Structures are given as C-alpha cells and as structure tokens.
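Shown next: target-v9.txt, containing compact mmCIF, C-alpha atoms and all ligand atoms.
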# COMPACT_ATOMS: atom_id res chain seq x y z
CA MET A 1 -33.50 124.06 -58.63
CA SER A 2 -31.21 124.73 -61.60
CA GLU A 3 -32.07 123.06 -64.88
CA PRO A 4 -30.03 119.88 -65.47
CA ALA A 5 -27.40 120.45 -68.17
CA ILE A 6 -28.10 119.04 -71.60
CA ILE A 7 -25.56 116.54 -72.92
CA ASP A 8 -25.24 117.36 -76.58
CA PRO A 9 -24.64 114.94 -79.45
CA GLY A 10 -20.95 114.45 -80.12
CA GLN A 11 -20.30 113.41 -76.52
CA THR A 12 -19.87 109.82 -75.33
CA LEU A 13 -22.53 107.88 -73.42
CA GLY A 14 -21.59 104.87 -71.32
CA VAL A 15 -23.59 101.69 -70.81
CA LEU A 16 -22.96 98.90 -68.31
CA GLY A 17 -23.72 95.64 -70.08
CA GLY A 18 -23.18 94.63 -73.67
CA GLY A 19 -26.29 92.56 -74.47
CA GLN A 20 -28.99 93.26 -77.03
CA LEU A 21 -30.55 96.02 -74.97
CA GLY A 22 -27.19 97.80 -74.92
CA ARG A 23 -26.84 97.26 -78.64
CA MET A 24 -30.23 98.83 -79.37
CA PHE A 25 -29.41 101.70 -76.98
CA ALA A 26 -26.16 102.20 -78.93
CA HIS A 27 -28.04 102.21 -82.24
CA ALA A 28 -30.36 104.95 -80.96
CA ALA A 29 -27.52 106.99 -79.44
CA GLN A 30 -25.30 106.70 -82.52
CA ARG A 31 -28.16 107.69 -84.82
CA MET A 32 -28.47 110.87 -82.75
CA GLY A 33 -24.76 111.61 -83.07
CA TYR A 34 -23.40 110.31 -79.76
CA GLU A 35 -20.52 107.93 -79.33
CA VAL A 36 -21.01 104.92 -77.06
CA ALA A 37 -18.72 103.19 -74.57
CA VAL A 38 -19.71 99.71 -73.37
CA LEU A 39 -18.40 98.05 -70.22
CA ASP A 40 -18.82 94.27 -70.49
CA PRO A 41 -16.44 91.44 -69.60
CA ASP A 42 -17.39 89.54 -72.77
CA ALA A 43 -14.98 90.37 -75.60
CA ASP A 44 -17.65 89.53 -78.18
CA SER A 45 -20.80 91.09 -76.73
CA PRO A 46 -23.59 92.33 -79.07
CA ALA A 47 -23.23 95.98 -77.94
CA GLY A 48 -19.46 95.91 -77.44
CA ARG A 49 -19.03 94.95 -81.07
CA ILE A 50 -20.82 98.03 -82.41
CA ALA A 51 -19.77 100.63 -79.83
CA GLU A 52 -16.97 103.13 -80.47
CA HIS A 53 -15.35 102.01 -77.21
CA HIS A 54 -15.47 98.63 -75.53
CA LEU A 55 -14.00 98.29 -72.06
CA CYS A 56 -13.64 94.57 -71.64
CA ALA A 57 -13.50 94.11 -67.86
CA PRO A 58 -15.63 93.00 -64.89
CA TYR A 59 -18.34 95.46 -63.76
CA THR A 60 -16.53 96.02 -60.47
CA ASP A 61 -13.10 96.74 -62.00
CA ARG A 62 -11.99 100.12 -60.56
CA HIS A 63 -9.68 100.91 -63.48
CA ALA A 64 -12.44 100.24 -65.99
CA LEU A 65 -14.94 102.34 -63.99
CA ASP A 66 -12.40 105.19 -63.85
CA ALA A 67 -11.79 104.88 -67.59
CA LEU A 68 -15.55 104.96 -68.21
CA SER A 69 -15.97 108.14 -66.15
CA ARG A 70 -13.13 109.83 -68.04
CA LEU A 71 -14.58 108.86 -71.42
CA CYS A 72 -18.26 109.52 -70.83
CA ALA A 73 -20.60 112.43 -70.16
CA ALA A 74 -23.19 110.12 -68.51
CA VAL A 75 -23.74 106.42 -67.89
CA THR A 76 -26.75 104.09 -68.02
CA ILE A 77 -27.33 100.32 -67.73
CA GLU A 78 -28.86 97.58 -69.86
CA PHE A 79 -29.33 94.75 -67.33
CA GLU A 80 -30.56 94.86 -63.77
CA ASN A 81 -27.94 92.74 -62.07
CA VAL A 82 -25.30 95.44 -62.38
CA PRO A 83 -23.50 95.77 -59.01
CA ALA A 84 -25.14 98.81 -57.39
CA GLU A 85 -21.79 99.72 -55.84
CA SER A 86 -20.34 100.30 -59.34
CA LEU A 87 -23.17 102.75 -60.04
CA ARG A 88 -22.38 104.57 -56.78
CA VAL A 89 -18.71 104.81 -57.71
CA LEU A 90 -19.57 106.22 -61.15
CA ALA A 91 -22.14 108.63 -59.67
CA GLU A 92 -19.34 110.36 -57.73
CA SER A 93 -18.03 111.79 -60.99
CA LEU A 94 -20.82 111.84 -63.59
CA PRO A 95 -24.59 111.55 -64.03
CA VAL A 96 -25.77 107.93 -63.74
CA CYS A 97 -29.25 106.79 -64.51
CA PRO A 98 -31.07 104.87 -63.21
CA PRO A 99 -30.17 105.58 -59.56
CA ALA A 100 -28.34 102.79 -57.70
CA ALA A 101 -31.08 102.54 -55.04
CA ALA A 102 -33.76 101.86 -57.67
CA VAL A 103 -31.59 99.14 -59.21
CA GLU A 104 -31.11 97.54 -55.78
CA THR A 105 -34.87 97.47 -55.20
CA ALA A 106 -35.41 95.80 -58.57
CA GLN A 107 -32.73 93.18 -57.85
CA ASP A 108 -34.66 91.59 -55.00
CA ARG A 109 -38.15 90.21 -55.56
CA TYR A 110 -39.15 90.53 -51.90
CA ARG A 111 -37.99 94.11 -51.62
CA GLU A 112 -39.59 94.93 -54.95
CA LYS A 113 -43.03 93.57 -54.04
CA THR A 114 -42.89 95.26 -50.63
CA PHE A 115 -42.06 98.50 -52.44
CA PHE A 116 -44.99 98.12 -54.87
CA ASN A 117 -47.37 97.68 -51.94
CA ALA A 118 -45.88 100.75 -50.22
CA CYS A 119 -46.66 102.70 -53.43
CA GLY A 120 -50.29 101.56 -53.16
CA VAL A 121 -49.92 99.05 -56.02
CA ALA A 122 -51.32 95.57 -55.31
CA THR A 123 -49.36 92.32 -55.81
CA VAL A 124 -50.09 88.63 -55.29
CA ALA A 125 -49.89 87.56 -51.64
CA PHE A 126 -46.25 86.85 -50.85
CA ALA A 127 -43.87 86.07 -48.01
CA PRO A 128 -40.10 85.93 -47.54
CA VAL A 129 -38.48 82.49 -47.24
CA ARG A 130 -34.94 82.57 -45.90
CA ASP A 131 -35.06 79.44 -43.74
CA ALA A 132 -37.24 76.49 -42.75
CA VAL A 133 -39.13 78.53 -40.15
CA GLU A 134 -40.12 81.16 -42.72
CA LEU A 135 -41.07 78.40 -45.14
CA GLY A 136 -43.56 77.12 -42.56
CA THR A 137 -44.90 80.64 -41.99
CA ALA A 138 -45.31 81.19 -45.77
CA VAL A 139 -47.21 77.89 -46.09
CA ARG A 140 -49.60 78.95 -43.33
CA SER A 141 -50.02 82.60 -44.35
CA VAL A 142 -50.16 82.36 -48.17
CA GLY A 143 -50.79 78.64 -48.75
CA PHE A 144 -50.98 76.52 -51.93
CA PRO A 145 -50.71 76.47 -54.89
CA ALA A 146 -47.66 78.70 -54.89
CA LEU A 147 -44.47 79.59 -56.69
CA LEU A 148 -41.23 79.52 -54.76
CA LYS A 149 -38.84 81.92 -56.51
CA SER A 150 -35.28 82.81 -55.71
CA ALA A 151 -35.41 86.43 -54.55
CA ARG A 152 -32.35 87.44 -56.54
CA LEU A 153 -30.79 86.68 -59.94
CA GLY A 154 -33.83 84.91 -61.38
CA TYR A 155 -34.95 85.79 -64.89
CA ASP A 156 -37.01 84.28 -67.70
CA GLY A 157 -38.69 81.89 -65.26
CA LYS A 158 -35.37 80.50 -64.00
CA GLY A 159 -35.00 79.75 -60.28
CA GLN A 160 -38.69 79.16 -59.67
CA HIS A 161 -40.76 76.14 -58.72
CA ARG A 162 -44.48 75.52 -58.65
CA VAL A 163 -45.46 73.85 -55.40
CA GLU A 164 -48.75 72.19 -54.45
CA ASN A 165 -47.99 70.73 -51.03
CA ARG A 166 -45.54 70.78 -48.14
CA ASP A 167 -43.33 67.98 -49.53
CA GLU A 168 -42.91 69.80 -52.83
CA ALA A 169 -42.21 73.02 -50.95
CA ASP A 170 -39.44 71.41 -48.89
CA ALA A 171 -37.93 69.82 -52.00
CA ALA A 172 -38.10 73.10 -53.96
CA PHE A 173 -36.45 75.08 -51.17
CA ALA A 174 -33.73 72.44 -50.87
CA SER A 175 -33.11 72.51 -54.62
CA LEU A 176 -32.66 76.29 -54.47
CA GLN A 177 -29.85 75.50 -52.04
CA GLY A 178 -30.84 77.81 -49.22
CA VAL A 179 -30.79 81.07 -51.23
CA GLU A 180 -33.23 83.75 -50.11
CA CYS A 181 -36.60 83.11 -51.72
CA VAL A 182 -40.02 84.62 -52.01
CA TRP A 183 -43.20 82.57 -51.72
CA GLU A 184 -45.92 83.76 -54.07
CA GLN A 185 -49.53 82.81 -54.32
CA LEU A 186 -50.11 81.25 -57.75
CA VAL A 187 -52.99 83.17 -59.31
CA PRO A 188 -54.97 82.29 -62.45
CA LEU A 189 -53.98 84.89 -65.03
CA ALA A 190 -56.33 86.40 -67.59
CA ARG A 191 -53.57 88.53 -69.15
CA GLU A 192 -50.04 89.76 -68.61
CA LEU A 193 -49.21 93.39 -69.28
CA SER A 194 -46.21 95.67 -69.13
CA VAL A 195 -45.83 99.41 -69.02
CA ILE A 196 -42.66 101.26 -69.91
CA VAL A 197 -42.13 104.75 -68.56
CA ALA A 198 -39.37 107.28 -69.23
CA ARG A 199 -38.71 109.85 -66.49
CA ASN A 200 -36.22 112.70 -66.52
CA ALA A 201 -34.37 114.66 -63.84
CA ARG A 202 -37.14 117.29 -63.76
CA GLY A 203 -39.65 114.58 -62.84
CA ASP A 204 -41.51 114.65 -66.17
CA SER A 205 -42.65 111.18 -67.11
CA VAL A 206 -44.01 109.70 -70.33
CA THR A 207 -45.50 106.22 -70.65
CA PHE A 208 -45.58 104.04 -73.75
CA PRO A 209 -48.86 102.31 -74.67
CA VAL A 210 -49.61 99.28 -72.46
CA VAL A 211 -48.31 96.03 -73.95
CA GLU A 212 -49.91 92.58 -73.68
CA ASN A 213 -47.40 89.78 -73.23
CA GLN A 214 -47.56 86.05 -73.83
CA HIS A 215 -44.88 83.80 -72.32
CA ARG A 216 -43.71 80.32 -73.28
CA ASP A 217 -41.78 78.29 -70.70
CA GLY A 218 -41.34 81.44 -68.57
CA ILE A 219 -39.77 83.38 -71.48
CA LEU A 220 -41.50 86.23 -73.28
CA ALA A 221 -42.71 84.93 -76.64
CA THR A 222 -45.08 87.54 -78.06
CA SER A 223 -45.97 91.16 -77.28
CA LEU A 224 -49.03 92.91 -78.64
CA ALA A 225 -49.29 96.68 -78.60
CA PRO A 226 -51.58 98.23 -77.70
CA ALA A 227 -52.90 95.65 -75.21
CA ARG A 228 -56.46 94.41 -75.76
CA ILE A 229 -57.79 95.94 -72.53
CA THR A 230 -60.19 98.71 -71.55
CA ASP A 231 -59.03 102.33 -71.46
CA GLU A 232 -59.69 102.34 -67.69
CA LEU A 233 -57.38 99.39 -67.06
CA ALA A 234 -54.71 100.89 -69.33
CA GLU A 235 -54.87 104.18 -67.44
CA GLN A 236 -54.72 102.33 -64.10
CA ALA A 237 -51.56 100.49 -65.22
CA CYS A 238 -49.93 103.67 -66.55
CA ALA A 239 -50.78 105.64 -63.40
CA ALA A 240 -49.40 102.84 -61.18
CA THR A 241 -46.18 102.79 -63.23
CA ARG A 242 -45.75 106.57 -63.04
CA GLY A 243 -46.33 106.39 -59.27
CA ILE A 244 -43.67 103.68 -58.87
CA ALA A 245 -41.15 105.71 -60.94
CA GLN A 246 -41.88 108.81 -58.88
CA ALA A 247 -41.50 106.96 -55.57
CA LEU A 248 -38.12 105.65 -56.78
CA ASN A 249 -37.11 109.20 -57.78
CA TYR A 250 -36.35 107.42 -61.02
CA ARG A 251 -34.43 108.74 -63.97
CA GLY A 252 -34.24 106.74 -67.17
CA VAL A 253 -36.46 104.04 -68.63
CA LEU A 254 -38.33 101.69 -66.29
CA ALA A 255 -40.56 98.73 -67.16
CA VAL A 256 -43.17 97.29 -64.79
CA GLU A 257 -44.82 93.93 -65.48
CA TYR A 258 -48.38 93.28 -64.34
CA PHE A 259 -50.79 90.40 -64.04
CA VAL A 260 -54.49 90.78 -64.70
CA THR A 261 -56.31 88.11 -62.70
CA ALA A 262 -59.38 86.21 -63.82
CA SER A 263 -61.43 88.65 -61.68
CA GLY A 264 -59.91 91.67 -63.45
CA GLU A 265 -57.56 92.78 -60.69
CA LEU A 266 -54.28 94.47 -61.68
CA LEU A 267 -51.25 93.14 -59.75
CA ALA A 268 -47.66 94.30 -60.20
CA ASN A 269 -45.26 91.38 -60.65
CA GLU A 270 -41.79 92.81 -61.19
CA MET A 271 -39.88 95.73 -62.64
CA ALA A 272 -36.80 96.18 -64.80
CA PRO A 273 -34.74 99.37 -64.40
CA ARG A 274 -34.01 99.58 -68.12
CA PRO A 275 -35.71 99.18 -71.49
CA HIS A 276 -37.65 95.94 -71.76
CA ASN A 277 -38.05 93.12 -74.24
CA SER A 278 -41.78 93.91 -74.45
CA GLY A 279 -40.90 97.43 -75.65
CA HIS A 280 -38.97 96.40 -78.74
CA TYR A 281 -42.02 97.10 -80.88
CA THR A 282 -41.47 100.83 -80.20
CA ILE A 283 -38.55 100.82 -82.67
CA ASP A 284 -40.87 100.07 -85.58
CA ALA A 285 -44.22 101.34 -84.35
CA CYS A 286 -43.59 104.59 -82.46
CA ALA A 287 -42.20 108.01 -83.32
CA VAL A 288 -39.76 107.65 -80.39
CA SER A 289 -38.48 104.21 -79.34
CA GLN A 290 -37.81 103.12 -75.76
CA PHE A 291 -34.07 103.33 -76.56
CA GLU A 292 -34.28 106.88 -77.87
CA GLN A 293 -36.25 107.74 -74.72
CA GLN A 294 -33.37 106.25 -72.68
CA VAL A 295 -30.94 108.54 -74.54
CA ARG A 296 -33.21 111.55 -74.06
CA ALA A 297 -33.64 110.92 -70.31
CA LEU A 298 -29.90 110.40 -69.86
CA CYS A 299 -28.99 113.57 -71.78
CA ASN A 300 -31.73 115.81 -70.33
CA LEU A 301 -33.30 116.23 -73.75
CA PRO A 302 -37.07 116.77 -74.00
CA LEU A 303 -39.20 113.68 -73.33
CA VAL A 304 -42.01 113.66 -75.86
CA GLY A 305 -44.95 111.26 -76.19
CA PRO A 306 -44.05 108.09 -78.09
CA ALA A 307 -46.93 108.54 -80.59
CA GLN A 308 -47.51 104.95 -81.66
CA HIS A 309 -48.38 105.16 -85.35
CA SER A 310 -49.22 101.49 -86.02
CA PRO A 311 -50.52 98.56 -84.02
CA ALA A 312 -47.67 96.08 -83.65
CA VAL A 313 -46.84 92.52 -82.67
CA MET A 314 -43.34 91.49 -81.62
CA MET A 315 -42.16 87.88 -81.52
CA ASN A 316 -38.92 86.79 -79.92
CA LEU A 317 -36.59 84.62 -81.98
CA LEU A 318 -34.93 82.13 -79.64
CA GLY A 319 -31.98 79.89 -80.38
CA ASP A 320 -34.43 76.97 -80.67
CA LEU A 321 -35.14 78.18 -84.22
CA TRP A 322 -31.62 77.28 -85.29
CA ARG A 323 -30.99 73.73 -86.40
CA GLU A 324 -27.48 72.35 -86.16
CA GLU A 325 -26.16 75.91 -86.09
CA ARG A 326 -28.01 76.66 -89.33
CA ALA A 327 -29.97 79.92 -89.13
CA PRO A 328 -33.62 80.00 -90.25
CA ASP A 329 -34.41 81.18 -93.77
CA TRP A 330 -34.87 84.89 -93.03
CA ALA A 331 -35.91 85.72 -96.58
CA ARG A 332 -39.08 83.66 -96.11
CA ALA A 333 -40.22 85.77 -93.17
CA LEU A 334 -39.28 88.97 -94.91
CA GLN A 335 -41.76 88.21 -97.70
CA VAL A 336 -44.45 89.19 -95.21
CA PRO A 337 -45.41 92.85 -95.60
CA ARG A 338 -44.44 95.29 -92.83
CA CYS A 339 -42.35 92.67 -91.05
CA SER A 340 -39.02 93.88 -89.72
CA LEU A 341 -36.23 91.62 -88.58
CA HIS A 342 -33.87 92.44 -85.72
CA LEU A 343 -30.92 90.14 -85.03
CA TYR A 344 -28.53 90.80 -82.17
CA GLY A 345 -25.34 89.49 -83.71
CA LYS A 346 -24.96 86.63 -81.21
CA ARG A 347 -22.67 84.05 -82.72
CA GLN A 348 -23.94 81.00 -80.86
CA ALA A 349 -27.56 79.88 -80.88
CA ARG A 350 -28.67 77.97 -77.79
CA PRO A 351 -32.17 76.84 -76.79
CA GLY A 352 -33.87 79.65 -74.86
CA ARG A 353 -31.27 82.25 -75.88
CA LYS A 354 -32.73 85.47 -77.28
CA MET A 355 -31.13 85.81 -80.72
CA GLY A 356 -33.41 88.45 -82.19
CA HIS A 357 -37.03 89.42 -82.71
CA LEU A 358 -39.41 90.32 -85.47
CA THR A 359 -42.02 93.04 -85.41
CA CYS A 360 -45.04 93.20 -87.68
CA THR A 361 -47.03 96.39 -87.97
CA ALA A 362 -50.41 96.77 -89.67
CA ASP A 363 -53.38 99.11 -89.75
CA ALA A 364 -55.12 97.01 -87.09
CA LEU A 365 -53.85 94.71 -84.34
CA PRO A 366 -55.50 91.46 -85.63
CA ALA A 367 -53.72 91.92 -88.99
CA ALA A 368 -50.40 92.58 -87.25
CA LEU A 369 -50.88 89.40 -85.19
CA GLN A 370 -51.81 87.37 -88.26
CA ASN A 371 -48.74 88.60 -90.13
CA ALA A 372 -46.41 87.97 -87.18
CA GLU A 373 -47.76 84.41 -86.86
CA LEU A 374 -47.31 83.93 -90.60
CA ALA A 375 -43.73 85.25 -90.56
CA TYR A 376 -42.90 83.07 -87.57
CA ALA A 377 -44.47 80.01 -89.22
CA LYS A 378 -42.32 80.64 -92.29
CA LEU A 379 -39.22 80.53 -90.11
CA LEU A 380 -40.42 77.31 -88.48
CA GLY A 381 -41.68 75.90 -91.78
CA GLU A 382 -38.67 74.12 -93.15
CA ARG A 383 -37.65 72.98 -89.66
CA ASP A 384 -40.95 71.33 -88.83
CA ALA A 385 -41.39 69.81 -92.27
CA THR A 386 -38.36 67.59 -91.71
P1 LIG A 401 -41.40 86.08 -63.41
O1 LIG A 401 -40.04 85.51 -63.44
O2 LIG A 401 -41.85 86.52 -62.06
O3 LIG A 401 -41.62 87.15 -64.47
O4 LIG A 401 -42.38 84.89 -63.86
C1 LIG A 401 -42.37 84.33 -65.16
C2 LIG A 401 -43.79 84.01 -65.59
O5 LIG A 401 -44.37 83.02 -64.71
C3 LIG A 401 -44.76 85.18 -65.53
O6 LIG A 401 -44.67 85.99 -66.67
C4 LIG A 401 -46.09 84.45 -65.39
O7 LIG A 401 -46.49 83.93 -66.64
C5 LIG A 401 -45.76 83.29 -64.48
N1 LIG A 401 -45.94 83.67 -63.05
C6 LIG A 401 -45.00 84.22 -62.25
N2 LIG A 401 -45.49 84.45 -61.01
C7 LIG A 401 -46.77 84.04 -61.01
C8 LIG A 401 -47.80 84.00 -60.02
N3 LIG A 401 -47.60 84.41 -58.78
N4 LIG A 401 -49.01 83.49 -60.39
C9 LIG A 401 -49.22 83.04 -61.66
N5 LIG A 401 -48.28 83.04 -62.64
C10 LIG A 401 -47.08 83.52 -62.33
The structure given in the file should be rewritten as structure tokens.
Amino acid sequence: MSEPAIIDPGQTLGVLGGGQLGRMFAHAAQRMGYEVAVLDPDADSPAGRIAEHHLCAPYTDRHALDALSRLCAAVTIEFENVPAESLRVLAESLPVCPPAAAVETAQDRYREKTFFNACGVATVAFAPVRDAVELGTAVRSVGFPALLKSARLGYDGKGQHRVENRDEADAAFASLQGVECVWEQLVPLARELSVIVARNARGDSVTFPVVENQHRDGILATSLAPARITDELAEQACAATRGIAQALNYRGVLAVEYFVTASGELLANEMAPRPHNSGHYTIDACAVSQFEQQVRALCNLPLVGPAQHSPAVMMNLLGDLWREERAPDWARALQVPRCSLHLYGKRQARPGRKMGHLTCTADALPAALQNAELAYAKLLGERDAT
C-alpha cells in the first residue's frame, strides 16, 4: 500500500458545519498555516465567521459541494447529522474523513448499539421500536424502567422519555410521533466517561486520557480529565474505543461515550464521529488538542500522543448564564488562576445553548475542580444575588 500523501500547510481544508467545533478546528488549522473553508447554511455561524472561505448553502447543495472540492485539499465534518450522501459526493474527488459509512452508523442509535455489540463492546439492553408491535416486544424483552429515545437526530437529551409502565410507554411513543425509536434499559450510573481517539489512514490510533463527564438536564455540564477511575478501567475503555475505530475503518477523530454501572460494568452509550465537547480540555491541558489531531489525521501528518501536562476541569457555559441578553462578568472568572475562557462568538444566548466553556488546570485534579467551581460561581454570583 502506498503511503497516503501529506497535505502541507498553505492548502485549504474544508469542514461541513459551522458550529463551535468547526470554529475550534479552524483555529487549530489556521495556527498550523492552513486556510479553512466552511460549508454552513447559516450566514453568521461561529466557524463561518473566522474561516477564509464561507460557503453559505445547504449541505446537499451540489454547486456548493463542487465549489468545496475545487477549493479544498481534504474535507472533514464538525457535526454528525451531515447528510452521508454529501460525504460520498465529496469523496469522489478528494479525501474525506470520517468515512460516510461511519457517520451513518453514528446517526442511528439502534444501528450504533448493534455495532458496538458486534465489536464485542457491551451496551445496556435495548430493542428497536418502530411500531406498536415492537413496543410490546421491547416491553417484554427489556422491561421497565426504560428510556425511549428517538433513534435519529436526538442530542443533549432531546427526544427521550423516561418510562415506568405501559401507559407511559404508549404516551411517550405517541409524543415522538411515530419516528423510529430505541428502547433502552435505564441503568443506575456510577460514572459517565468518554474516550476520544484519533486514527489515520495507516491505521495508527492514539487515544486521549479518559474523561469523566457530569450532565445536567441531559446536557454535558462538567468534564474532568483524567477520569477518577482505575488504570484497568481506563485501559478497557481506551481499548474498546480503538477497537470500534478499527472496525469502522475510521479516519479522523472519534469520541465514544460510556456508562459505568453501579456494579462497575463498562457500557458504550453512543459515539460522535468528530471532536467532542468533553475533549475541549485538550486545548489547554495537552501538548496536542483534539482539533490539532483532527487536522493531523486529515492531512496525513504524524499522530503523536496527546501528552496531557496538567489535570483539567472543563465547564460548559450555557445561555442560561446570560440575563436579559447581558453577558456574565467574565473578568470575575478570569481572576481565578489557570482559568481559560473560550467563547464561541454566538450572538444570541438561549437557555441550553452552548455559548462557550471554561477550563481550569492545576497541579492536581481536586484543585482544578475547586478552581473551576469557583470561576463558575463567580459568573453566577451577581445573577443569583439579585
Ligand atoms: P444520550 O442522549 O444517550 O447521551 O443521553 C443523555 C444522558 O442521559 C446520558 O449522558 C445519561 O446521563 C442519561 N442516560 C441516557 N441513557 C441512559 C440509560 N440507558 N440509563 C441511564 N441513564 C441514561
């Protein structure tokens, strides 16, 4: 097999999607001397605003896809609901990572969980629910309590219902308006983890340290790195993630989220075929961030170990922190030592909308957590005092 050609700095890299993940990819690529072209239908997207080129068109627009292939040396993505067909069209003329088939697997919760099991990675018990008959089968085979989740297009806890009995199950399925669903056993969780892996065309893969995640209302709130788990469990999670990436013949950055049950079992929950919110700490705490790793994998540059140099805690800053469109007092949080602020340039704050994050590093994880909580409290401070 011939060595994949290196894409040198100076060339243009394309990204489908203009959100914060695209913006941070663009920052990493531009720092390394690449130009960036963003395809996003939003004229004011966070990544589109900082890229050298912004193609403002739908993801399926043939003219825009043609323009992207003429401009770029390679293309990647920053959100998983990219139409796989667009990736196939682009792949006819230039390198695209991740592969369309991997993105399709990640877009469907049922397919994804089936795939994890086929890779030898355990999940919660689950069953497909596409109609009333399958609902009955899921009730009998998996039982209660359960979560009924829409199989596609759900994120941040949206499109899911906790159900305790048959009446609730019927009502939940009706409220999801007949979309394909997956029925999942609700398990008591001891911890939630994520592992981010970068894999290149040669099949080399490098994992970042395992992250421990805390969610609020189904949305990631806090990530601690490294996770407070045993070395054995960390290695199990990393090995499972590498195995999943290999089975997908993956190229690019992939994140896999895991549950650790009360009895210590590791269960894969879902994957994202792109950098992940829980990996933002890598910008401030590692020698190579998840976004630089995305650039390296895309351009066939060497993938080196991330070398985390400081324990870190990341906290998401949601639109709820804004009051009557007034931004929090950033200077208060920035008084905290080794606290770095990342804002995504979104003009409108809405409850639940990810506006930015802060990362605190320290010599030990408890100190990083304490400082992150302090910085966050300073942002809340004035708000809650009134
Ligand atoms: P998801 O959209 O699948 O990432 O789910 C959002 C959050 O809901 C997860 O991070 C967990 O905190 C919780 N959750 C999802 N599925 C389950 C499950 N089967 N059992 C227990 N908690 C779950």
**Prompt:** Taking all atoms listed in the file into account, which residues are within 7 Å of ligand LIG 401 (chain A), as a list in words?
**Reply:**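 The residues near ligand LIG 401 (chain A) are Val124, Ala146, Leu147, Gly154, Tyr155, Asp156, Gly157, Lys158, Glu184, Gln185, Leu186, Val187, Pro188, Leu189, Glu192, His215, Gly218, Ile219, Asn269 and Glu270 of chain A.
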**Asked** How many Å separate atom CA of Val142 of chain A from atom CA of Pro128 of chain A?
**Response**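 A separation of 10.7 Å between them.
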**Request:** Could you check which of A:Val96, A:Ile244, A:Ile6, A:Cys181 is closest to Ala118 of chain A, using all atoms listed in the file?
**Result:**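 Nearest candidate to Ala118 of chain A out of A:Val96, A:Ile244, A:Ile6, A:Cys181: A:Ile244.
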**Message:** Considering all atoms listed in the file, can you say which of A:Glu78, A:Glu104, A:Asp66, A:Glu3 comes closest to Pro275 of chain A?
**Reply:**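 The shortest atom-to-atom distance to Pro275 of chain A comes from A:Glu78.
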**Selected residue of minimal separation from Cys97 of chain A among A:His276, A:Arg199, A:His357, A:His309, counting all atoms listed in the file** = A:Arg199
**Asked** At what distance in Å, to one decimal, does atom CA of Leu298 of chain A lie from atom CA of Ala5 of chain A?
**Response**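 Pair atom CA of Ala5 of chain A / atom CA of Leu298 of chain A returns 10.5 Å.
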**Request:** Mind giving me the straight-line distance from atom CA of Glu164 of chain A to atom CA of Leu148 of chain A in Å, one decimal?
**Result:**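 If I compute the distance from atom CA of Glu164 of chain A to atom CA of Leu148 of chain A, I get 10.5 Å.
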**Request:** Mind checking which residues fall within 7 Å of Val38 of chain A, counting all atoms listed in the file, ignoring those fewer than 2 positions away in the same chain, and posting them as a PyMOL selection string?
**Result:** chain A and resi 14-18+36+40+47-48+51+53-55
**Non-local contacts of Leu301 of chain A (12 Å; all atoms listed in the file; under 2 positions in same chain excluded) as a ChimeraX atom specification** = /A:3-9,32,198-202,204,252,292-299,303-304
**Prompt:** Between A:Ala102, A:Val75, A:Leu341, A:Ala190, which one has atoms that come closest to Phe115 of chain A, using only C-alpha atoms?
**Reply:**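 Answer, going by the shortest atom-to-atom distance: A:Ala102.
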**Request:** Mind checking which residues fall within 12 Å of Pro46 of chain A, counting only C-alpha atoms, ignoring those fewer than 3 positions away in the same chain, and posting them as a ChimeraX atom specification?
**Result:** /A:17-27,38-43,49-51,54,78,343-348,354-356
Where atoms are missing, can you supply N, CA, C and O atoms for segment 273-285 of chain A and output the lot as a compact mmCIF listing (two decimals), in the frame of the given file?
# COMPACT_ATOMS: atom_id res chain seq x y z
N PRO A 273 -35.19 97.98 -64.37
CA PRO A 273 -34.74 99.37 -64.40
C PRO A 273 -33.98 99.71 -65.68
O PRO A 273 -32.85 100.17 -65.64
N ARG A 274 -34.65 99.47 -66.80
CA ARG A 274 -34.01 99.58 -68.12
C ARG A 274 -35.09 99.36 -69.17
O ARG A 274 -36.20 98.98 -68.83
N PRO A 275 -34.75 99.58 -70.45
CA PRO A 275 -35.71 99.18 -71.49
C PRO A 275 -36.03 97.69 -71.36
O PRO A 275 -35.29 96.94 -70.73
N HIS A 276 -37.13 97.28 -72.00
CA HIS A 276 -37.65 95.94 -71.76
C HIS A 276 -37.94 95.24 -73.08
O HIS A 276 -38.33 95.89 -74.06
N ASN A 277 -37.78 93.95 -73.06
CA ASN A 277 -38.05 93.12 -74.24
C ASN A 277 -39.43 93.42 -74.83
O ASN A 277 -39.60 93.48 -76.05
N SER A 278 -40.41 93.66 -73.96
CA SER A 278 -41.78 93.91 -74.45
C SER A 278 -41.89 95.28 -75.11
O SER A 278 -42.93 95.58 -75.70
N GLY A 279 -40.85 96.10 -75.03
CA GLY A 279 -40.90 97.43 -75.65
C GLY A 279 -40.16 97.51 -76.97
O GLY A 279 -40.01 98.59 -77.53
N HIS A 280 -39.72 96.36 -77.47
CA HIS A 280 -38.97 96.40 -78.74
C HIS A 280 -39.82 96.89 -79.91
O HIS A 280 -39.31 97.45 -80.88
N TYR A 281 -41.13 96.66 -79.79
CA TYR A 281 -42.02 97.10 -80.88
C TYR A 281 -41.92 98.61 -81.10
O TYR A 281 -42.23 99.11 -82.19
N THR A 282 -41.49 99.36 -80.08
CA THR A 282 -41.47 100.83 -80.20
C THR A 282 -40.49 101.29 -81.29
O THR A 282 -40.64 102.37 -81.82
N ILE A 283 -39.51 100.44 -81.61
CA ILE A 283 -38.55 100.82 -82.67
C ILE A 283 -39.29 100.99 -84.00
O ILE A 283 -39.04 101.94 -84.75
N ASP A 284 -40.21 100.06 -84.27
CA ASP A 284 -40.87 100.07 -85.58
C ASP A 284 -42.23 100.75 -85.56
O ASP A 284 -42.74 101.10 -86.62
N ALA A 285 -42.82 100.90 -84.37
CA ALA A 285 -44.22 101.34 -84.35
C ALA A 285 -44.46 102.68 -83.67
O ALA A 285 -45.61 103.11 -83.57
